[in-house]
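**Q** data-v7.cif is the file, holding mmCIF, C-alpha atoms and all ligand atoms:
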data_final
loop_
_atom_site.group_PDB
_atom_site.id
_atom_site.type_symbol
_atom_site.label_atom_id
_atom_site.label_comp_id
_atom_site.auth_asym_id
_atom_site.auth_seq_id
_atom_site.Cartn_x
_atom_site.Cartn_y
_atom_site.Cartn_z
ATOM 1 C CA MET Z 173 127.939 131.094 86.624
ATOM 2 C CA SER Z 174 125.306 130.028 89.145
ATOM 3 C CA ARG Z 175 121.786 131.389 89.043
ATOM 4 C CA ARG Z 176 120.817 134.258 91.282
ATOM 5 C CA GLU Z 177 118.385 133.255 93.983
ATOM 6 C CA LEU Z 178 115.951 136.145 94.381
ATOM 7 C CA ARG Z 179 114.360 134.652 97.487
ATOM 8 C CA GLY Z 180 115.595 136.738 100.395
ATOM 9 C CA CYS Z 181 117.319 139.317 98.137
ATOM 10 C CA ARG Z 182 117.078 142.898 99.437
ATOM 11 C CA ILE Z 183 116.375 145.269 96.539
ATOM 12 C CA ILE Z 184 115.661 148.989 96.067
ATOM 13 C CA VAL Z 185 113.328 149.702 93.105
ATOM 14 C CA THR Z 186 112.915 153.318 91.985
ATOM 15 C CA GLY Z 187 109.889 154.405 89.968
ATOM 16 C CA ALA Z 188 107.771 151.715 91.614
ATOM 17 C CA SER Z 189 104.488 153.631 91.476
ATOM 18 C CA SER Z 190 103.536 152.713 87.901
ATOM 19 C CA GLY Z 191 104.457 150.897 84.704
ATOM 20 C CA ILE Z 192 107.557 148.714 84.626
ATOM 21 C CA GLY Z 193 108.590 149.533 88.207
ATOM 22 C CA TYR Z 194 105.190 148.620 89.647
ATOM 23 C CA GLU Z 195 105.073 145.301 87.780
ATOM 24 C CA LEU Z 196 108.685 144.573 88.613
ATOM 25 C CA THR Z 197 108.091 145.114 92.316
ATOM 26 C CA GLN Z 198 105.169 142.698 92.253
ATOM 27 C CA ARG Z 199 107.209 140.025 90.473
ATOM 28 C CA LEU Z 200 110.242 140.422 92.697
ATOM 29 C CA LEU Z 201 108.025 140.029 95.747
ATOM 30 C CA ALA Z 202 106.400 136.963 94.195
ATOM 31 C CA ALA Z 203 109.895 135.506 93.699
ATOM 32 C CA GLY Z 204 110.528 135.942 97.416
ATOM 33 C CA ALA Z 205 112.625 139.118 97.351
ATOM 34 C CA ASN Z 206 112.354 142.004 99.802
ATOM 35 C CA VAL Z 207 111.687 145.320 98.061
ATOM 36 C CA LEU Z 208 112.141 148.916 99.123
ATOM 37 C CA ALA Z 209 109.835 150.669 96.648
ATOM 38 C CA THR Z 210 110.087 154.380 95.974
ATOM 39 C CA ALA Z 211 108.510 157.067 93.757
ATOM 40 C CA ARG Z 212 106.849 160.426 94.416
ATOM 41 C CA ARG Z 213 103.199 159.279 94.402
ATOM 42 C CA ALA Z 214 102.641 157.923 97.889
ATOM 43 C CA ASP Z 215 99.062 156.801 97.133
ATOM 44 C CA ARG Z 216 100.307 154.564 94.315
ATOM 45 C CA LEU Z 217 102.951 153.010 96.510
ATOM 46 C CA GLN Z 218 100.303 152.457 99.132
ATOM 47 C CA SER Z 219 98.072 150.649 96.628
ATOM 48 C CA LEU Z 220 101.069 148.506 95.686
ATOM 49 C CA ALA Z 221 101.277 147.498 99.339
ATOM 50 C CA THR Z 222 97.549 146.647 99.258
ATOM 51 C CA ASP Z 223 97.854 144.706 95.960
ATOM 52 C CA VAL Z 224 100.553 142.403 97.212
ATOM 53 C CA ALA Z 225 99.799 140.715 100.463
ATOM 54 C CA VAL Z 226 103.254 140.622 102.006
ATOM 55 C CA GLY Z 227 104.433 141.798 105.395
ATOM 56 C CA GLN Z 228 106.038 145.167 106.083
ATOM 57 C CA GLN Z 229 109.444 143.566 106.319
ATOM 58 C CA ARG Z 230 109.164 142.239 102.729
ATOM 59 C CA LEU Z 231 107.783 145.421 101.136
ATOM 60 C CA VAL Z 232 108.972 148.731 102.506
ATOM 61 C CA ILE Z 233 107.651 151.845 100.796
ATOM 62 C CA HIS Z 234 109.293 155.234 100.898
ATOM 63 C CA PRO Z 235 107.720 158.080 98.908
ATOM 64 C CA GLY Z 236 110.172 160.667 97.620
ATOM 65 C CA ASP Z 237 111.702 162.442 94.678
ATOM 66 C CA VAL Z 238 114.722 160.497 93.463
ATOM 67 C CA THR Z 239 116.396 163.718 92.295
ATOM 68 C CA ASP Z 240 116.575 164.806 95.933
ATOM 69 C CA ALA Z 241 119.844 163.846 97.644
ATOM 70 C CA THR Z 242 118.090 163.372 100.997
ATOM 71 C CA THR Z 243 115.625 160.905 99.457
ATOM 72 C CA ARG Z 244 118.523 158.882 98.047
ATOM 73 C CA SER Z 245 120.498 158.755 101.281
ATOM 74 C CA THR Z 246 117.329 157.926 103.237
ATOM 75 C CA LEU Z 247 116.669 154.957 100.928
ATOM 76 C CA VAL Z 248 120.085 153.487 101.594
ATOM 77 C CA GLU Z 249 119.734 154.162 105.322
ATOM 78 C CA ILE Z 250 116.323 152.423 105.386
ATOM 79 C CA ALA Z 251 117.859 149.365 103.702
ATOM 80 C CA ARG Z 252 120.642 149.329 106.267
ATOM 81 C CA GLN Z 253 118.245 149.601 109.206
ATOM 82 C CA ALA Z 254 115.399 147.383 107.925
ATOM 83 C CA TRP Z 255 117.483 144.635 106.359
ATOM 84 C CA ASP Z 256 121.013 145.175 107.617
ATOM 85 C CA GLY Z 257 122.255 145.190 104.021
ATOM 86 C CA LEU Z 258 121.391 145.389 100.352
ATOM 87 C CA ASP Z 259 121.745 143.035 97.364
ATOM 88 C CA GLY Z 260 120.328 145.038 94.466
ATOM 89 C CA VAL Z 261 119.407 148.476 93.172
ATOM 90 C CA ILE Z 262 117.079 148.829 90.204
ATOM 91 C CA ASN Z 263 117.345 152.301 88.732
ATOM 92 C CA ASN Z 264 114.021 152.414 86.912
ATOM 93 C CA ALA Z 265 112.529 155.885 87.552
ATOM 94 C CA GLY Z 266 112.563 157.846 84.350
ATOM 95 C CA THR Z 267 110.995 160.659 82.434
ATOM 96 C CA GLY Z 268 111.142 162.283 79.013
ATOM 97 C CA ALA Z 269 109.819 164.962 76.723
ATOM 98 C CA ILE Z 270 108.749 165.271 73.128
ATOM 99 C CA GLY Z 271 109.658 168.228 70.988
ATOM 100 C CA ARG Z 272 112.357 169.829 68.925
ATOM 101 C CA PHE Z 273 115.572 170.697 70.734
ATOM 102 C CA ASP Z 274 115.659 174.238 69.303
ATOM 103 C CA GLN Z 275 112.195 174.997 70.696
ATOM 104 C CA ALA Z 276 112.963 173.895 74.243
ATOM 105 C CA GLU Z 277 114.332 175.732 77.263
ATOM 106 C CA GLU Z 278 117.464 174.618 79.064
ATOM 107 C CA SER Z 279 115.336 173.426 82.003
ATOM 108 C CA ARG Z 280 113.993 170.517 79.936
ATOM 109 C CA VAL Z 281 117.335 168.832 79.361
ATOM 110 C CA ARG Z 282 118.397 169.525 82.947
ATOM 111 C CA GLN Z 283 115.227 168.038 84.429
ATOM 112 C CA ILE Z 284 115.508 164.908 82.300
ATOM 113 C CA PHE Z 285 119.160 164.424 83.189
ATOM 114 C CA GLU Z 286 118.416 164.869 86.916
ATOM 115 C CA VAL Z 287 115.924 161.975 86.854
ATOM 116 C CA ASN Z 288 117.405 159.684 84.189
ATOM 117 C CA PHE Z 289 121.118 160.153 84.802
ATOM 118 C CA PHE Z 290 122.241 161.938 87.973
ATOM 119 C CA ALA Z 291 119.709 160.259 90.280
ATOM 120 C CA PRO Z 292 120.646 156.666 89.353
ATOM 121 C CA VAL Z 293 124.347 157.490 89.351
ATOM 122 C CA GLU Z 294 124.254 159.061 92.816
ATOM 123 C CA LEU Z 295 121.918 156.458 94.326
ATOM 124 C CA THR Z 296 124.303 153.776 93.101
ATOM 125 C CA ARG Z 297 127.290 155.605 94.579
ATOM 126 C CA LEU Z 298 125.595 155.622 97.990
ATOM 127 C CA ALA Z 299 124.516 151.981 97.711
ATOM 128 C CA LEU Z 300 127.873 150.500 96.659
ATOM 129 C CA PRO Z 301 129.318 150.020 100.162
ATOM 130 C CA LEU Z 302 126.271 147.939 101.176
ATOM 131 C CA LEU Z 303 126.175 146.105 97.830
ATOM 132 C CA SER Z 304 129.818 145.097 98.257
ATOM 133 C CA ALA Z 305 128.767 142.946 101.206
ATOM 134 C CA GLY Z 306 125.566 141.682 99.495
ATOM 135 C CA GLN Z 307 124.598 138.283 98.074
ATOM 136 C CA THR Z 308 125.160 138.084 94.249
ATOM 137 C CA PRO Z 309 124.794 141.872 94.257
ATOM 138 C CA PHE Z 310 123.654 143.868 91.253
ATOM 139 C CA VAL Z 311 122.844 147.315 89.929
ATOM 140 C CA THR Z 312 120.212 147.259 87.185
ATOM 141 C CA ASN Z 313 119.849 150.308 84.974
ATOM 142 C CA ILE Z 314 116.644 150.586 82.981
ATOM 143 C CA GLY Z 315 117.798 152.272 79.816
ATOM 144 C CA SER Z 316 116.092 152.187 76.449
ATOM 145 C CA VAL Z 317 116.686 151.286 72.834
ATOM 146 C CA LEU Z 318 116.929 155.088 72.602
ATOM 147 C CA GLY Z 319 120.107 154.777 74.640
ATOM 148 C CA HIS Z 320 121.589 153.111 71.547
ATOM 149 C CA VAL Z 321 119.824 154.791 68.621
ATOM 150 C CA ALA Z 322 118.861 158.473 68.690
ATOM 151 C CA MET Z 323 115.425 159.634 67.576
ATOM 152 C CA PRO Z 324 114.374 163.136 66.554
ATOM 153 C CA MET Z 325 111.973 164.979 68.894
ATOM 154 C CA LYS Z 326 113.442 163.087 71.857
ATOM 155 C CA SER Z 327 116.964 164.516 71.872
ATOM 156 C CA GLU Z 328 117.173 165.132 75.637
ATOM 157 C CA TYR Z 329 115.760 161.718 76.498
ATOM 158 C CA CYS Z 330 118.119 159.955 74.073
ATOM 159 C CA ALA Z 331 121.083 161.918 75.421
ATOM 160 C CA SER Z 332 120.198 160.950 79.004
ATOM 161 C CA LYS Z 333 119.908 157.252 78.140
ATOM 162 C CA PHE Z 334 123.115 157.294 76.056
ATOM 163 C CA ALA Z 335 124.843 158.852 79.069
ATOM 164 C CA LEU Z 336 123.348 156.252 81.393
ATOM 165 C CA ARG Z 337 124.601 153.455 79.140
ATOM 166 C CA GLY Z 338 128.109 154.905 78.987
ATOM 167 C CA TRP Z 339 128.293 155.142 82.758
ATOM 168 C CA SER Z 340 126.652 151.736 83.206
ATOM 169 C CA ASP Z 341 129.128 149.947 80.913
ATOM 170 C CA ALA Z 342 132.155 151.608 82.503
ATOM 171 C CA LEU Z 343 130.848 150.741 85.966
ATOM 172 C CA ALA Z 344 130.319 147.113 84.900
ATOM 173 C CA SER Z 345 134.048 146.802 84.172
ATOM 174 C CA GLU Z 346 135.062 148.624 87.351
ATOM 175 C CA LEU Z 347 132.893 146.425 89.572
ATOM 176 C CA ARG Z 348 133.689 143.059 88.000
ATOM 177 C CA GLY Z 349 136.443 142.390 90.507
ATOM 178 C CA ARG Z 350 134.080 143.151 93.386
ATOM 179 C CA GLY Z 351 131.470 140.648 92.168
ATOM 180 C CA ILE Z 352 128.770 143.271 91.583
ATOM 181 C CA ASP Z 353 126.873 142.742 88.321
ATOM 182 C CA VAL Z 354 125.823 145.835 86.420
ATOM 183 C CA VAL Z 355 122.804 145.037 84.277
ATOM 184 C CA TRP Z 356 121.711 147.139 81.313
ATOM 185 C CA VAL Z 357 118.096 146.777 80.178
ATOM 186 C CA ALA Z 358 116.930 148.398 76.936
ATOM 187 C CA PRO Z 359 113.167 148.181 76.421
ATOM 188 C CA ASN Z 360 111.439 149.394 73.262
ATOM 189 C CA THR Z 361 108.273 151.438 73.523
ATOM 190 C CA THR Z 362 106.308 149.973 76.407
ATOM 191 C CA ARG Z 363 102.682 150.494 77.401
ATOM 192 C CA SER Z 364 102.801 152.423 80.679
ATOM 193 C CA GLU Z 365 102.025 155.897 81.987
ATOM 194 C CA PHE Z 366 105.305 157.172 80.584
ATOM 195 C CA PHE Z 367 103.704 159.127 77.746
ATOM 196 C CA ASP Z 368 101.061 160.635 80.066
ATOM 197 C CA ASN Z 369 103.694 161.969 82.441
ATOM 198 C CA LEU Z 370 106.153 163.569 80.027
ATOM 199 C CA ILE Z 371 107.718 166.824 81.202
ATOM 200 C CA GLU Z 372 106.716 168.536 77.957
ATOM 201 C CA VAL Z 373 104.908 167.471 74.809
ATOM 202 C CA ASN Z 374 105.451 169.627 71.781
ATOM 203 C CA GLY Z 375 104.484 167.219 69.016
ATOM 204 C CA GLN Z 376 102.941 163.796 68.664
ATOM 205 C CA ALA Z 377 103.205 161.271 71.483
ATOM 206 C CA ALA Z 378 101.347 158.294 70.061
ATOM 207 C CA VAL Z 379 102.079 154.863 71.548
ATOM 208 C CA ASN Z 380 101.748 151.829 69.318
ATOM 209 C CA PRO Z 381 99.036 149.653 70.908
ATOM 210 C CA LEU Z 382 101.075 146.609 69.828
ATOM 211 C CA SER Z 383 104.075 147.668 71.908
ATOM 212 C CA MET Z 384 105.176 145.542 74.858
ATOM 213 C CA SER Z 385 103.287 145.618 78.117
ATOM 214 C CA SER Z 386 105.009 146.719 81.321
ATOM 215 C CA GLU Z 387 104.153 143.332 82.732
ATOM 216 C CA LEU Z 388 106.079 141.498 79.993
ATOM 217 C CA VAL Z 389 109.076 143.803 80.360
ATOM 218 C CA ALA Z 390 109.083 143.190 84.117
ATOM 219 C CA ARG Z 391 108.860 139.434 83.634
ATOM 220 C CA LYS Z 392 111.856 139.464 81.281
ATOM 221 C CA ILE Z 393 113.883 141.551 83.713
ATOM 222 C CA VAL Z 394 113.194 139.138 86.569
ATOM 223 C CA THR Z 395 114.261 136.173 84.415
ATOM 224 C CA ALA Z 396 117.417 138.031 83.346
ATOM 225 C CA LEU Z 397 118.278 138.733 86.987
ATOM 226 C CA GLN Z 398 117.778 135.077 87.897
ATOM 227 C CA ARG Z 399 119.988 133.961 84.989
ATOM 228 C CA ARG Z 400 122.560 136.613 85.792
ATOM 229 C CA ARG Z 401 122.371 138.151 82.347
ATOM 230 C CA THR Z 402 123.895 141.609 82.234
ATOM 231 C CA ARG Z 403 122.612 142.986 78.940
ATOM 232 C CA LEU Z 404 119.007 142.834 77.887
ATOM 233 C CA LEU Z 405 117.799 144.175 74.561
ATOM 234 C CA LEU Z 406 114.221 143.111 74.820
ATOM 235 C CA THR Z 407 112.942 142.847 71.244
ATOM 236 C CA ALA Z 408 114.072 141.773 67.788
ATOM 237 C CA SER Z 409 112.919 145.131 66.388
ATOM 238 C CA GLY Z 410 115.131 146.916 68.924
ATOM 239 C CA ARG Z 411 118.108 144.784 67.913
ATOM 240 C CA ALA Z 412 117.333 145.384 64.210
ATOM 241 C CA LEU Z 413 117.318 149.140 64.805
ATOM 242 C CA LEU Z 414 120.774 148.923 66.393
ATOM 243 C CA VAL Z 415 122.120 146.999 63.412
ATOM 244 C CA ALA Z 416 120.523 149.448 60.954
ATOM 245 C CA ASP Z 417 122.060 152.371 62.843
ATOM 246 C CA PHE Z 418 125.491 150.749 62.644
ATOM 247 C CA VAL Z 419 125.342 149.570 59.028
ATOM 248 C CA PHE Z 420 123.254 152.323 57.374
ATOM 249 C CA PRO Z 421 123.617 155.383 59.618
ATOM 250 C CA ARG Z 422 122.972 157.971 56.896
ATOM 251 C CA LEU Z 423 119.965 156.156 55.485
ATOM 252 C CA LEU Z 424 118.478 155.732 58.946
ATOM 253 C CA ARG Z 425 118.934 159.447 59.765
ATOM 254 C CA ARG Z 426 117.272 160.348 56.466
ATOM 255 C CA LEU Z 427 114.302 158.067 57.162
ATOM 256 C CA LEU Z 428 113.946 159.302 60.727
ATOM 257 C CA SER Z 429 113.998 162.944 59.692
ATOM 258 C CA ARG Z 430 110.800 162.512 57.679
HETATM 259 N N1 LIG Z 501 107.431 153.332 78.338
HETATM 260 C C1 LIG Z 501 108.349 153.228 77.390
HETATM 261 O O1 LIG Z 501 108.029 153.269 76.191
HETATM 262 C C2 LIG Z 501 109.796 153.003 77.758
HETATM 263 C C3 LIG Z 501 110.662 152.541 76.760
HETATM 264 C C4 LIG Z 501 112.010 152.340 77.070
HETATM 265 C C5 LIG Z 501 112.453 152.606 78.350
HETATM 266 N N2 LIG Z 501 111.592 153.067 79.307
HETATM 267 C C6 LIG Z 501 112.138 153.357 80.637
HETATM 268 O O2 LIG Z 501 111.501 152.530 81.589
HETATM 269 C C7 LIG Z 501 111.524 153.166 82.872
HETATM 270 C C8 LIG Z 501 110.132 153.076 83.489
HETATM 271 O O3 LIG Z 501 109.221 153.798 82.700
HETATM 272 P P1 LIG Z 501 107.694 153.349 82.507
HETATM 273 O O4 LIG Z 501 107.495 153.086 81.061
HETATM 274 O O5 LIG Z 501 107.333 152.326 83.484
HETATM 275 O O6 LIG Z 501 106.957 154.752 82.797
HETATM 276 P P2 LIG Z 501 106.025 155.241 84.006
HETATM 277 O O7 LIG Z 501 104.858 154.345 84.178
HETATM 278 O O8 LIG Z 501 105.781 156.689 83.758
HETATM 279 O O9 LIG Z 501 106.978 155.067 85.275
HETATM 280 C C9 LIG Z 501 107.973 155.994 85.594
HETATM 281 C C10 LIG Z 501 108.245 155.895 87.079
HETATM 282 O O10 LIG Z 501 109.283 156.820 87.417
HETATM 283 C C11 LIG Z 501 108.872 157.556 88.559
HETATM 284 N N3 LIG Z 501 109.498 158.879 88.568
HETATM 285 C C12 LIG Z 501 109.537 159.797 87.572
HETATM 286 N N4 LIG Z 501 110.157 160.898 87.989
HETATM 287 C C13 LIG Z 501 110.515 160.676 89.287
HETATM 288 C C14 LIG Z 501 111.182 161.442 90.280
HETATM 289 N N5 LIG Z 501 111.618 162.690 90.034
HETATM 290 N N6 LIG Z 501 111.383 160.891 91.498
HETATM 291 C C15 LIG Z 501 110.946 159.637 91.767
HETATM 292 N N7 LIG Z 501 110.326 158.849 90.873
HETATM 293 C C16 LIG Z 501 110.100 159.383 89.652
HETATM 294 C C17 LIG Z 501 107.356 157.633 88.435
HETATM 295 O O11 LIG Z 501 106.757 157.793 89.714
HETATM 296 P P3 LIG Z 501 106.142 159.129 90.334
HETATM 297 O O12 LIG Z 501 105.534 159.929 89.228
HETATM 298 O O13 LIG Z 501 105.141 158.606 91.327
HETATM 299 O O14 LIG Z 501 107.298 159.810 90.990
HETATM 300 C C18 LIG Z 501 107.033 156.241 87.925
HETATM 301 O O15 LIG Z 501 106.933 155.340 88.985
HETATM 302 C C19 LIG Z 501 112.023 154.583 82.615
HETATM 303 O O16 LIG Z 501 113.383 154.692 82.963
HETATM 304 C C20 LIG Z 501 111.865 154.774 81.123
HETATM 305 O O17 LIG Z 501 112.790 155.698 80.586
HETATM 306 C C21 LIG Z 501 110.276 153.252 79.036
#
Rewrite the structure of this file - the entire thing - as structure tokens.
Ligand SMILES: NC(=O)c1ccc[n+]([C@@H]2O[C@H](COP(=O)([O-])OP(=O)(O)OC[C@H]3O[C@@H](n4cnc5c(N)ncnc54)[C@H](OP(=O)(O)O)[C@@H]3O)[C@@H](O)[C@H]2O)c1

**A**
Amino acid sequence: MSRRELRGCRIIVTGASSGIGYELTQRLLAAGANVLATARRADRLQSLATDVAVGQQRLVIHPGDVTDATTRSTLVEIARQAWDGLDGVINNAGTGAIGRFDQAEESRVRQIFEVNFFAPVELTRLALPLLSAGQTPFVTNIGSVLGHVAMPMKSEYCASKFALRGWSDALASELRGRGIDVVWVAPNTTRSEFFDNLIEVNGQAAVNPLSMSSELVARKIVTALQRRRTRLLLTASGRALLVADFVFPRLLRRLLSR
């Protein structure tokens, strides 16, 4: 399979105001792609535009809440009008919470699913007609190792990423015949603002200072897109956790419950 040329690609990136999405947008622009960057914090998107010296045609910013249907349809409409088409959607915006399931309200799981599951699913639905006519088109879903292995105190987040993976894999098969790649990316814990912006913290939210940087995650995603890889488990420890979950499920649950 030939490499994907990112130069000239027209890509929507959600969650572009910080962390992985911010770094990814910078790298995609550096590779010559056009990016429509979105998130709620307009000031952050604006500083992204200042950080990278590219013209307004190359970087289009649109502040909005990705859980809002109007935001999603506006994004696709902007791509149609600004670029007359679309080659990629990167569903990166995400959120989570820490705390026991039995101490949480229903709103927590619903909020997390709106951002992590329904928003990417519905944005993709709207984008598919344009992607069908795109160049080496793709949908990239930023999942997590926690979309493969469930952790206590993060039940809603894990459930949302498991759901995203199920949908993503099914979609990959459905779209094969149409030439649209569906890419699943599963980072481990990554240094970003993620743990500062959790919906609720009812327990410890410590981030290992040795965890991957957002910049490294973004770099690996760009390389994977260029090589047309469709499944990206970013670290050996993430892969080891998957194997442990498969081979020693009871032991792993016992260890995790401590
Ligand atoms: N950090 C980790 O340890 C880790 C590990 C595995 C996977 N991931 C996944 O990686 C992705 C990026 O996370 P990150 O680590 O880069 O965290 P981050 O720095 O907090 O970035 C999250 C992004 O999502 C946006 N966002 C959140 N809710 C939104 C909403 N309702 N509407 C629009 N945008 C929204 C945020 O922007 P605004 O607040 O400006 O809207 C921000 O740009 C997420 O899907 C996350 O689940 C992260």

**Q** Each side padded by 4 Å, which centre and which edge lengths in Å (one decimal) define the axis-aligned box around the listed atoms of ligand LIG 501 (chain Z)? Give them as JSON.

**A**
{"center_x": 109.1, "center_y": 157.5, "center_z": 84.0, "size_x": 16.5, "size_y": 18.4, "size_z": 23.6}

**Q** Output the residue selection produced by the PyMOL selection byres (((chain Z and resi 388) around 10) and not hetatm) on the file above, formatted as a PyMOL selection string.

**A** chain Z and resi 192+195-196+362-363+384-387+389-394+406

**Q** List all protein, DNA and RNA residues that have an atom no more than 7 Å from any atom of ligand LIG 501 (chain Z), counting all atoms listed in the file, and report them as a ChimeraX atom specification.

**A** /Z:186-194,210-213,216,236-239,264-268,287-288,314-317,358-367,369,386

**Q** When you look at Ala344 in chain Z with a cut-off of 7 Å (counting all atoms listed in the file), what residues show up, excluding the ones that are within fewer than 3 positions of it in the same chain? I need them as a ChimeraX atom specification.

**A** /Z:340-341,347-348,353-354

**Q** Find the residues near range 327-333 of chain Z: any atom within 8 Å, counting only C-alpha atoms, skip ones fewer than 5 places away on the same chain, and give them as a PDB file with C-alpha atoms, in the frame of the given file.

**A**
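Result file is result-v4.pdb:
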ATOM      1  CA  THR Z 267     110.995 160.659  82.434  1.00  0.00           C
ATOM      2  CA  GLY Z 268     111.142 162.283  79.013  1.00  0.00           C
ATOM      3  CA  ALA Z 269     109.819 164.962  76.723  1.00  0.00           C
ATOM      4  CA  ARG Z 272     112.357 169.829  68.925  1.00  0.00           C
ATOM      5  CA  PHE Z 273     115.572 170.697  70.734  1.00  0.00           C
ATOM      6  CA  ARG Z 280     113.993 170.517  79.936  1.00  0.00           C
ATOM      7  CA  VAL Z 281     117.335 168.832  79.361  1.00  0.00           C
ATOM      8  CA  ILE Z 284     115.508 164.908  82.300  1.00  0.00           C
ATOM      9  CA  PHE Z 285     119.160 164.424  83.189  1.00  0.00           C
ATOM     10  CA  ASN Z 288     117.405 159.684  84.189  1.00  0.00           C
ATOM     11  CA  PHE Z 289     121.118 160.153  84.802  1.00  0.00           C
ATOM     12  CA  GLY Z 315     117.798 152.272  79.816  1.00  0.00           C
ATOM     13  CA  SER Z 316     116.092 152.187  76.449  1.00  0.00           C
ATOM     14  CA  LEU Z 318     116.929 155.088  72.602  1.00  0.00           C
ATOM     15  CA  GLY Z 319     120.107 154.777  74.640  1.00  0.00           C
ATOM     16  CA  HIS Z 320     121.589 153.111  71.547  1.00  0.00           C
ATOM     17  CA  VAL Z 321     119.824 154.791  68.621  1.00  0.00           C
ATOM     18  CA  ALA Z 322     118.861 158.473  68.690  1.00  0.00           C
TER      19      ALA Z 322
END

**Q** Could you work out how far CA of Glu278 in chain Z lies from CA of Ala241 in chain Z, giving the answer in Å with one decimal?

**A**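 Separation between CA of Ala241 in chain Z and CA of Glu278 in chain Z: 21.6 Å.
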
**Q** Please indicate the distance in Å from CA of Gly271 in chain Z to CA of Val373 in chain Z, rounded to one decimal place.

**A**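 So the answer is 6.1 Å.
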
**Q** Compute the distance from (120.4, 141.1, 95.8) to each atom, counting all atoms listed in the file, keep the residues with any atom at most 6 Å away, and return them as a list of chain:residue names; use the coordinates of the file.

**A** Z:Cys181, Z:Arg182, Z:Ile183, Z:Asp259, Z:Gly260, Z:Gln307, Z:Thr308, Z:Pro309

**Q** Limited to C-alpha atoms, could you put the picked residues into a file as a CSV table (one decimal), keeping the file's coordinate frame?

**A**
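Saved result, part-v7.csv, follows:
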chain,number,residue,atom,x,y,z
Z,181,CYS,CA,117.3,139.3,98.1
Z,182,ARG,CA,117.1,142.9,99.4
Z,183,ILE,CA,116.4,145.3,96.5
Z,259,ASP,CA,121.7,143.0,97.4
Z,260,GLY,CA,120.3,145.0,94.5
Z,307,GLN,CA,124.6,138.3,98.1
Z,308,THR,CA,125.2,138.1,94.2
Z,309,PRO,CA,124.8,141.9,94.3

**Q** Applying 12 Å and all atoms listed in the file, which residues near Thr246 in chain Z remain after dropping the ones on its own chain fewer than 6 positions away? List them as a list in words.

**A**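 Result of the neighbour search: Ile184, Leu208, Thr210, Ile233, His234, Pro235, Gly236, Asp237, Val238, Asp240, Arg252, Gln253, Ala254, Leu295, Leu298 and Ala299 of chain Z.
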
**Q** As a check of understanding, name the residues that the PyMOL selection byres (((chain Z and resi 397) around 9) and not hetatm) selects in the supplied structure, as a PyMOL selection string.

**A** chain Z and resi 175-178+310+312+355+392-396+398-402

**Q** Which value, in Å to one decimal, gives the distance between CA of Ser304 in chain Z and CA of Leu258 in chain Z?

**A**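 So the two atoms, CA of Ser304 in chain Z and CA of Leu258 in chain Z, lie 8.7 Å apart.
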
**Q** Name the closest residue to Ile270 in chain Z among the candidates Z:Met325, Z:Val226, Z:Val185, Z:Val357; distances are taken between atoms, counting all atoms listed in the file.

**A**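 For Ile270 in chain Z, the nearest of the given residues is Z:Met325.
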
**Q** If you count all atoms listed in the file, which residues fall within 8 Å of Val224 in chain Z, apart from same-chain ones fewer than 4 positions away, as a list of chain:residue names?

**A**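 Close residues of Val224 in chain Z: Z:Gln198, Z:Leu201, Z:Leu220.
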
**Q** Find the residues around range 421-424 of chain Z up to 12 Å (only C-alpha atoms counted), leave out those fewer than 4 positions away in its own chain, and share them as an MDAnalysis selection string.

**A** chainID Z and resid 321:324 412:417 428:430

**Q** Have a look at Z:Val261, Z:Arg426, Z:Ser409, Z:Thr242 and name the one nearest to Gly306 in chain Z; count all atoms listed in the file.

**A**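 Checking each of Z:Val261, Z:Arg426, Z:Ser409, Z:Thr242 against Gly306 in chain Z, counting all atoms listed in the file, the winner is Z:Val261.
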